[in-house]
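For reference, target-v6.pdb is printed below; it contains PDB, C-alpha atoms, pLDDT in the B column.
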MODEL        1
ATOM      1  CA  MET A   1      37.025 -21.625  47.184  1.00 53.00           C
ATOM      2  CA  GLN A   2      34.690 -22.756  44.459  1.00 56.00           C
ATOM      3  CA  THR A   3      33.579 -20.328  41.739  1.00 52.00           C
ATOM      4  CA  ILE A   4      30.111 -20.670  40.392  1.00 54.00           C
ATOM      5  CA  ALA A   5      29.416 -19.272  36.959  1.00 51.00           C
ATOM      6  CA  VAL A   6      26.048 -17.706  36.596  1.00 50.00           C
ATOM      7  CA  ALA A   7      24.648 -17.260  33.141  1.00 48.00           C
ATOM      8  CA  ARG A   8      22.271 -14.431  32.650  1.00 53.00           C
ATOM      9  CA  ILE A   9      19.629 -15.338  30.142  1.00 51.00           C
ATOM     10  CA  GLU A  10      17.985 -12.474  28.328  1.00 50.00           C
ATOM     11  CA  PRO A  11      14.751 -13.041  26.472  1.00 48.00           C
ATOM     12  CA  PRO A  12      15.271 -12.683  22.734  1.00 49.00           C
ATOM     13  CA  LEU A  13      14.144  -9.460  21.203  1.00 50.00           C
ATOM     14  CA  VAL A  14      11.165 -10.528  19.172  1.00 46.00           C
ATOM     15  CA  GLU A  15       9.250  -8.003  17.186  1.00 52.00           C
ATOM     16  CA  ASP A  16       5.569  -8.729  17.289  1.00 54.00           C
ATOM     17  CA  ASP A  17       4.652  -8.916  13.600  1.00 52.00           C
ATOM     18  CA  GLU A  18       1.059  -7.947  14.301  1.00 58.00           C
ATOM     19  CA  ASP A  19       2.049  -4.652  15.931  1.00 70.00           C
ATOM     20  CA  LYS A  20       4.659  -3.491  13.409  1.00 89.00           C
ATOM     21  CA  ILE A  21       4.012   0.008  12.123  1.00 94.00           C
ATOM     22  CA  LEU A  22       4.669   0.201   8.393  1.00 96.00           C
ATOM     23  CA  LYS A  23       5.717   3.310   6.514  1.00 97.00           C
ATOM     24  CA  ILE A  24       3.912   3.659   3.194  1.00 98.00           C
ATOM     25  CA  HIS A  25       4.871   6.255   0.572  1.00 98.00           C
ATOM     26  CA  ILE A  26       2.048   7.568  -1.586  1.00 98.00           C
ATOM     27  CA  TYR A  27       2.688   9.692  -4.660  1.00 97.00           C
ATOM     28  CA  LEU A  28       0.374  11.667  -6.902  1.00 96.00           C
ATOM     29  CA  ALA A  29       0.982  12.419 -10.581  1.00 91.00           C
ATOM     30  CA  ASP A  30       1.812  16.059  -9.744  1.00 93.00           C
ATOM     31  CA  GLY A  31       4.832  14.874  -7.725  1.00 93.00           C
ATOM     32  CA  SER A  32       3.216  15.237  -4.292  1.00 95.00           C
ATOM     33  CA  HIS A  33       4.559  12.736  -1.763  1.00 97.00           C
ATOM     34  CA  PHE A  34       2.875  11.599   1.419  1.00 97.00           C
ATOM     35  CA  GLN A  35       4.270   9.214   4.012  1.00 97.00           C
ATOM     36  CA  ARG A  36       1.630   7.443   6.052  1.00 97.00           C
ATOM     37  CA  GLU A  37       1.628   4.709   8.680  1.00 97.00           C
ATOM     38  CA  ALA A  38      -0.192   1.418   8.376  1.00 96.00           C
ATOM     39  CA  ILE A  39      -0.378  -1.998   9.972  1.00 94.00           C
ATOM     40  CA  ALA A  40      -0.345  -5.361   8.254  1.00 95.00           C
ATOM     41  CA  GLY A  41      -3.715  -6.588   7.087  1.00 94.00           C
ATOM     42  CA  LEU A  42      -5.085  -3.344   5.618  1.00 94.00           C
ATOM     43  CA  ARG A  43      -5.967  -3.158   1.956  1.00 97.00           C
ATOM     44  CA  LEU A  44      -4.229  -0.244   0.256  1.00 97.00           C
ATOM     45  CA  LEU A  45      -7.652   1.109  -0.723  1.00 97.00           C
ATOM     46  CA  ASP A  46      -8.742   1.163   2.933  1.00 96.00           C
ATOM     47  CA  LEU A  47      -5.498   2.892   3.873  1.00 96.00           C
ATOM     48  CA  LEU A  48      -6.068   5.578   1.237  1.00 97.00           C
ATOM     49  CA  ARG A  49      -9.623   6.173   2.387  1.00 95.00           C
ATOM     50  CA  MET A  50      -8.575   6.243   6.036  1.00 95.00           C
ATOM     51  CA  TYR A  51      -6.172   9.086   5.263  1.00 96.00           C
ATOM     52  CA  GLY A  52      -8.681  11.000   3.139  1.00 94.00           C
ATOM     53  CA  PHE A  53      -7.254  10.480  -0.329  1.00 95.00           C
ATOM     54  CA  PRO A  54     -10.072  11.074  -2.851  1.00 94.00           C
ATOM     55  CA  VAL A  55      -9.895   7.698  -4.599  1.00 95.00           C
ATOM     56  CA  LYS A  56     -12.984   6.933  -6.695  1.00 96.00           C
ATOM     57  CA  ALA A  57     -13.212   3.179  -5.984  1.00 94.00           C
ATOM     58  CA  GLU A  58     -16.758   3.223  -7.308  1.00 94.00           C
ATOM     59  CA  CYS A  59     -17.390  -0.461  -6.558  1.00 93.00           C
ATOM     60  CA  GLY A  60     -16.253  -0.119  -2.953  1.00 91.00           C
ATOM     61  CA  GLY A  61     -13.301  -2.459  -3.388  1.00 92.00           C
ATOM     62  CA  ALA A  62     -14.989  -5.433  -5.065  1.00 94.00           C
ATOM     63  CA  CYS A  63     -12.575  -5.486  -8.051  1.00 94.00           C
ATOM     64  CA  VAL A  64     -15.270  -4.711 -10.603  1.00 93.00           C
ATOM     65  CA  CYS A  65     -14.679  -1.069 -11.576  1.00 94.00           C
ATOM     66  CA  GLY A  66     -10.912  -0.484 -11.861  1.00 95.00           C
ATOM     67  CA  THR A  67     -11.184   3.013 -10.340  1.00 96.00           C
ATOM     68  CA  CYS A  68      -8.537   2.435  -7.669  1.00 97.00           C
ATOM     69  CA  HIS A  69      -5.723   2.150 -10.227  1.00 98.00           C
ATOM     70  CA  ILE A  70      -2.226   2.579  -8.779  1.00 98.00           C
ATOM     71  CA  ARG A  71       1.289   1.995 -10.088  1.00 98.00           C
ATOM     72  CA  ILE A  72       3.913   0.175  -8.055  1.00 98.00           C
ATOM     73  CA  PRO A  73       7.610   0.613  -8.910  1.00 97.00           C
ATOM     74  CA  GLU A  74       9.380  -2.483 -10.191  1.00 96.00           C
ATOM     75  CA  ARG A  75      11.610  -2.638  -7.090  1.00 96.00           C
ATOM     76  CA  TRP A  76       8.465  -3.430  -5.015  1.00 97.00           C
ATOM     77  CA  GLN A  77       6.789  -5.906  -7.366  1.00 94.00           C
ATOM     78  CA  HIS A  78       8.430  -8.971  -5.741  1.00 94.00           C
ATOM     79  CA  VAL A  79       6.920  -8.106  -2.343  1.00 95.00           C
ATOM     80  CA  LEU A  80       3.333  -8.053  -3.573  1.00 96.00           C
ATOM     81  CA  PRO A  81       1.120 -11.056  -4.081  1.00 94.00           C
ATOM     82  CA  PRO A  82       0.605 -11.715  -7.787  1.00 95.00           C
ATOM     83  CA  PRO A  83      -2.567 -10.266  -9.283  1.00 96.00           C
ATOM     84  CA  THR A  84      -5.520 -12.617  -9.600  1.00 96.00           C
ATOM     85  CA  ASP A  85      -7.079 -13.374 -12.981  1.00 97.00           C
ATOM     86  CA  GLU A  86      -9.993 -11.133 -11.961  1.00 96.00           C
ATOM     87  CA  GLU A  87      -7.642  -8.217 -11.251  1.00 97.00           C
ATOM     88  CA  LEU A  88      -5.726  -8.755 -14.501  1.00 97.00           C
ATOM     89  CA  ALA A  89      -9.003  -8.749 -16.449  1.00 97.00           C
ATOM     90  CA  LYS A  90     -10.031  -5.466 -14.847  1.00 97.00           C
ATOM     91  CA  LEU A  91      -6.603  -3.929 -15.506  1.00 97.00           C
ATOM     92  CA  ASP A  92      -7.017  -4.893 -19.169  1.00 97.00           C
ATOM     93  CA  ASP A  93     -10.037  -2.565 -19.265  1.00 96.00           C
ATOM     94  CA  ILE A  94      -7.906   0.442 -18.225  1.00 96.00           C
ATOM     95  CA  PRO A  95      -6.311   2.042 -21.315  1.00 95.00           C
ATOM     96  CA  THR A  96      -3.399   3.534 -19.340  1.00 95.00           C
ATOM     97  CA  ALA A  97      -2.551   0.361 -17.385  1.00 96.00           C
ATOM     98  CA  ASP A  98       0.860  -1.261 -17.799  1.00 96.00           C
ATOM     99  CA  GLU A  99       3.006  -3.899 -16.052  1.00 96.00           C
ATOM    100  CA  SER A 100       3.343  -1.735 -12.936  1.00 97.00           C
ATOM    101  CA  SER A 101      -0.425  -1.249 -12.606  1.00 98.00           C
ATOM    102  CA  ARG A 102      -2.424  -2.783  -9.800  1.00 98.00           C
ATOM    103  CA  LEU A 103      -5.751  -2.184  -8.085  1.00 98.00           C
ATOM    104  CA  ALA A 104      -5.464  -0.787  -4.546  1.00 98.00           C
ATOM    105  CA  CYS A 105      -8.482  -2.840  -3.469  1.00 97.00           C
ATOM    106  CA  GLN A 106      -6.630  -6.076  -4.206  1.00 97.00           C
ATOM    107  CA  ILE A 107      -3.431  -5.518  -2.217  1.00 97.00           C
ATOM    108  CA  GLU A 108      -3.378  -6.276   1.494  1.00 96.00           C
ATOM    109  CA  THR A 109      -0.418  -4.923   3.434  1.00 96.00           C
ATOM    110  CA  THR A 110       2.109  -7.281   4.984  1.00 95.00           C
ATOM    111  CA  ASN A 111       5.101  -6.576   7.207  1.00 95.00           C
ATOM    112  CA  GLU A 112       7.365  -7.064   4.178  1.00 95.00           C
ATOM    113  CA  MET A 113       5.793  -3.942   2.657  1.00 96.00           C
ATOM    114  CA  ASP A 114       7.441  -1.554   5.112  1.00 97.00           C
ATOM    115  CA  GLY A 115       8.582   1.361   2.938  1.00 97.00           C
ATOM    116  CA  LEU A 116       6.236   0.481   0.058  1.00 98.00           C
ATOM    117  CA  GLU A 117       5.882   3.169  -2.590  1.00 98.00           C
ATOM    118  CA  PHE A 118       3.055   3.594  -5.063  1.00 98.00           C
ATOM    119  CA  GLU A 119       1.425   6.276  -7.176  1.00 98.00           C
ATOM    120  CA  ILE A 120      -2.308   6.848  -7.360  1.00 97.00           C
ATOM    121  CA  GLN A 121      -3.230   7.276 -10.999  1.00 97.00           C
ATOM    122  CA  PRO A 122      -5.055  10.478 -12.014  1.00 95.00           C
ATOM    123  CA  ASP A 123      -7.945   8.488 -13.523  1.00 92.00           C
ATOM    124  CA  SER A 124      -8.656   7.063 -10.061  1.00 95.00           C
ATOM    125  CA  LEU A 125      -8.908  10.373  -8.217  1.00 94.00           C
ATOM    126  CA  VAL A 126     -12.147  12.266  -7.725  1.00 92.00           C
ATOM    127  CA  GLN A 127     -11.845  15.590  -9.530  1.00 80.00           C
ATOM    128  CA  THR A 128     -13.055  18.614  -7.599  1.00 72.00           C
ATOM    129  CA  TYR A 129     -14.322  21.649  -9.450  1.00 67.00           C
ATOM    130  CA  TRP A 130     -15.232  24.982  -7.936  1.00 67.00           C
ATOM    131  CA  VAL A 131     -18.021  26.952  -9.504  1.00 70.00           C
ATOM    132  CA  ALA A 132     -18.489  30.641  -8.779  1.00 72.00           C
ATOM    133  CA  GLY A 133     -21.991  31.648  -8.068  1.00 62.00           C
TER     134      GLY A 133
ENDMDL
END
Let me see whether you can do it: turn the structure in this file into structure tokens.
Amino acid sequence: MQTIAVARIEPPLVEDDEDKILKIHIYLADGSHFQREAIAGLRLLDLLRMYGFPVKAECGGACVCGTCHIRIPERWQHVLPPPTDEELAKLDDIPTADESSRLACQIETTNEMDGLEFEIQPDSLVQTYWVAG
């Protein structure tokens, strides 16, 4: 009797990078924390607007106003693309900007950003006032 070995070939488990759902952690200066989902290819500004965060972004994301100022913790800096000269120049115009500052309109999400954390700066949020009357 002859034994025939049969190999079962399973297709490799490949995660489709285009369909990966990212978890993004958004903080406000008051300590509020929001976890939202995103896909690769969205600018952080678009993500914030999509979820209804009241970000000023007066120029609409053209990197000319600096009103989408966010801070990214140092542990995430290596994942982000470096800021362009244009972004650095605009950040220089923001008195409260530091080494962790970026503009949300200039950062496009990638799959490596799963778990990304950032804080929207108070100067970039639309202030709402209620008036009795």
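The shell of residues at most 9 Å from region 92-96 of chain A, with only C-alpha atoms counted and near chain neighbours (fewer than 2 positions) removed, consists of Gly66, Thr67, His69, Glu87, Leu88, Ala89, Lys90, Asp98, Ser101 and Asp123 of chain A.
Between CA of Leu91 (chain A) and CA of Gln106 (chain A) the separation is 11.5 Å.
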Residues matched by the PyMOL selection byres ((chain A and resi 29) around 10) as a VMD selection string: chain A and resid 27 to 28 30 to 33 119 to 122
With distances taken over all atoms listed in the file, the candidate from A:Arg43, A:Arg102, A:Lys56, A:Arg49 nearest Pro83 (chain A) is A:Arg102
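Between CA of Phe34 (chain A) and CA of Cys63 (chain A) lies a distance of 24.9 Å.
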Write out as a ChimeraX atom specification which residues come within 9 Å of Gly60 (chain A) when counting all atoms listed in the file, dropping same-chain ones fewer than 5 positions away. /A:45,65,105
- Task: Considering all atoms listed in the file, return as a PyMOL selection string whatever protein or nucleic-acid residues lie within 12 Å of Gln77 (chain A), sequence-local ones (same chain, fewer than 2 positions apart) excluded.
- Result: chain A and resi 71-75+79-83+99-102+107+112-113+116-118
Six-sided padding of 6 Å per side, axis-aligned box over region 108-114 of chain A, centre and edges in Å, one decimal, as JSON:
{"center_x": 2.0, "center_y": -4.4, "center_z": 4.4, "size_x": 22.8, "size_y": 17.7, "size_z": 17.7}
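Among the candidates A:Arg36, A:Ala62, A:Leu42, A:Lys23, the residue lying nearest to Asp114 (chain A) is A:Lys23 (atoms considered: only C-alpha atoms).
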Taken to one decimal, the CA of Gly41 (chain A)-CA of Leu103 (chain A) distance is 15.9 Å
Among A:Ala132, A:Asn111, A:Cys68, A:Leu22, Pro54 (chain A) is approached most closely, using all atoms listed in the file, by A:Cys68
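Proximity to Thr128 (chain A) was assessed for A:Ile39, A:Ile26, A:Ala97, A:Val55 counting only C-alpha atoms; the smallest distance is recorded for A:Val55.
Shortest separation to Phe53 (chain A) among A:Lys20, A:Leu125, A:Val131, A:Trp76 occurs at residue A:Leu125, atoms counted being all atoms listed in the file.
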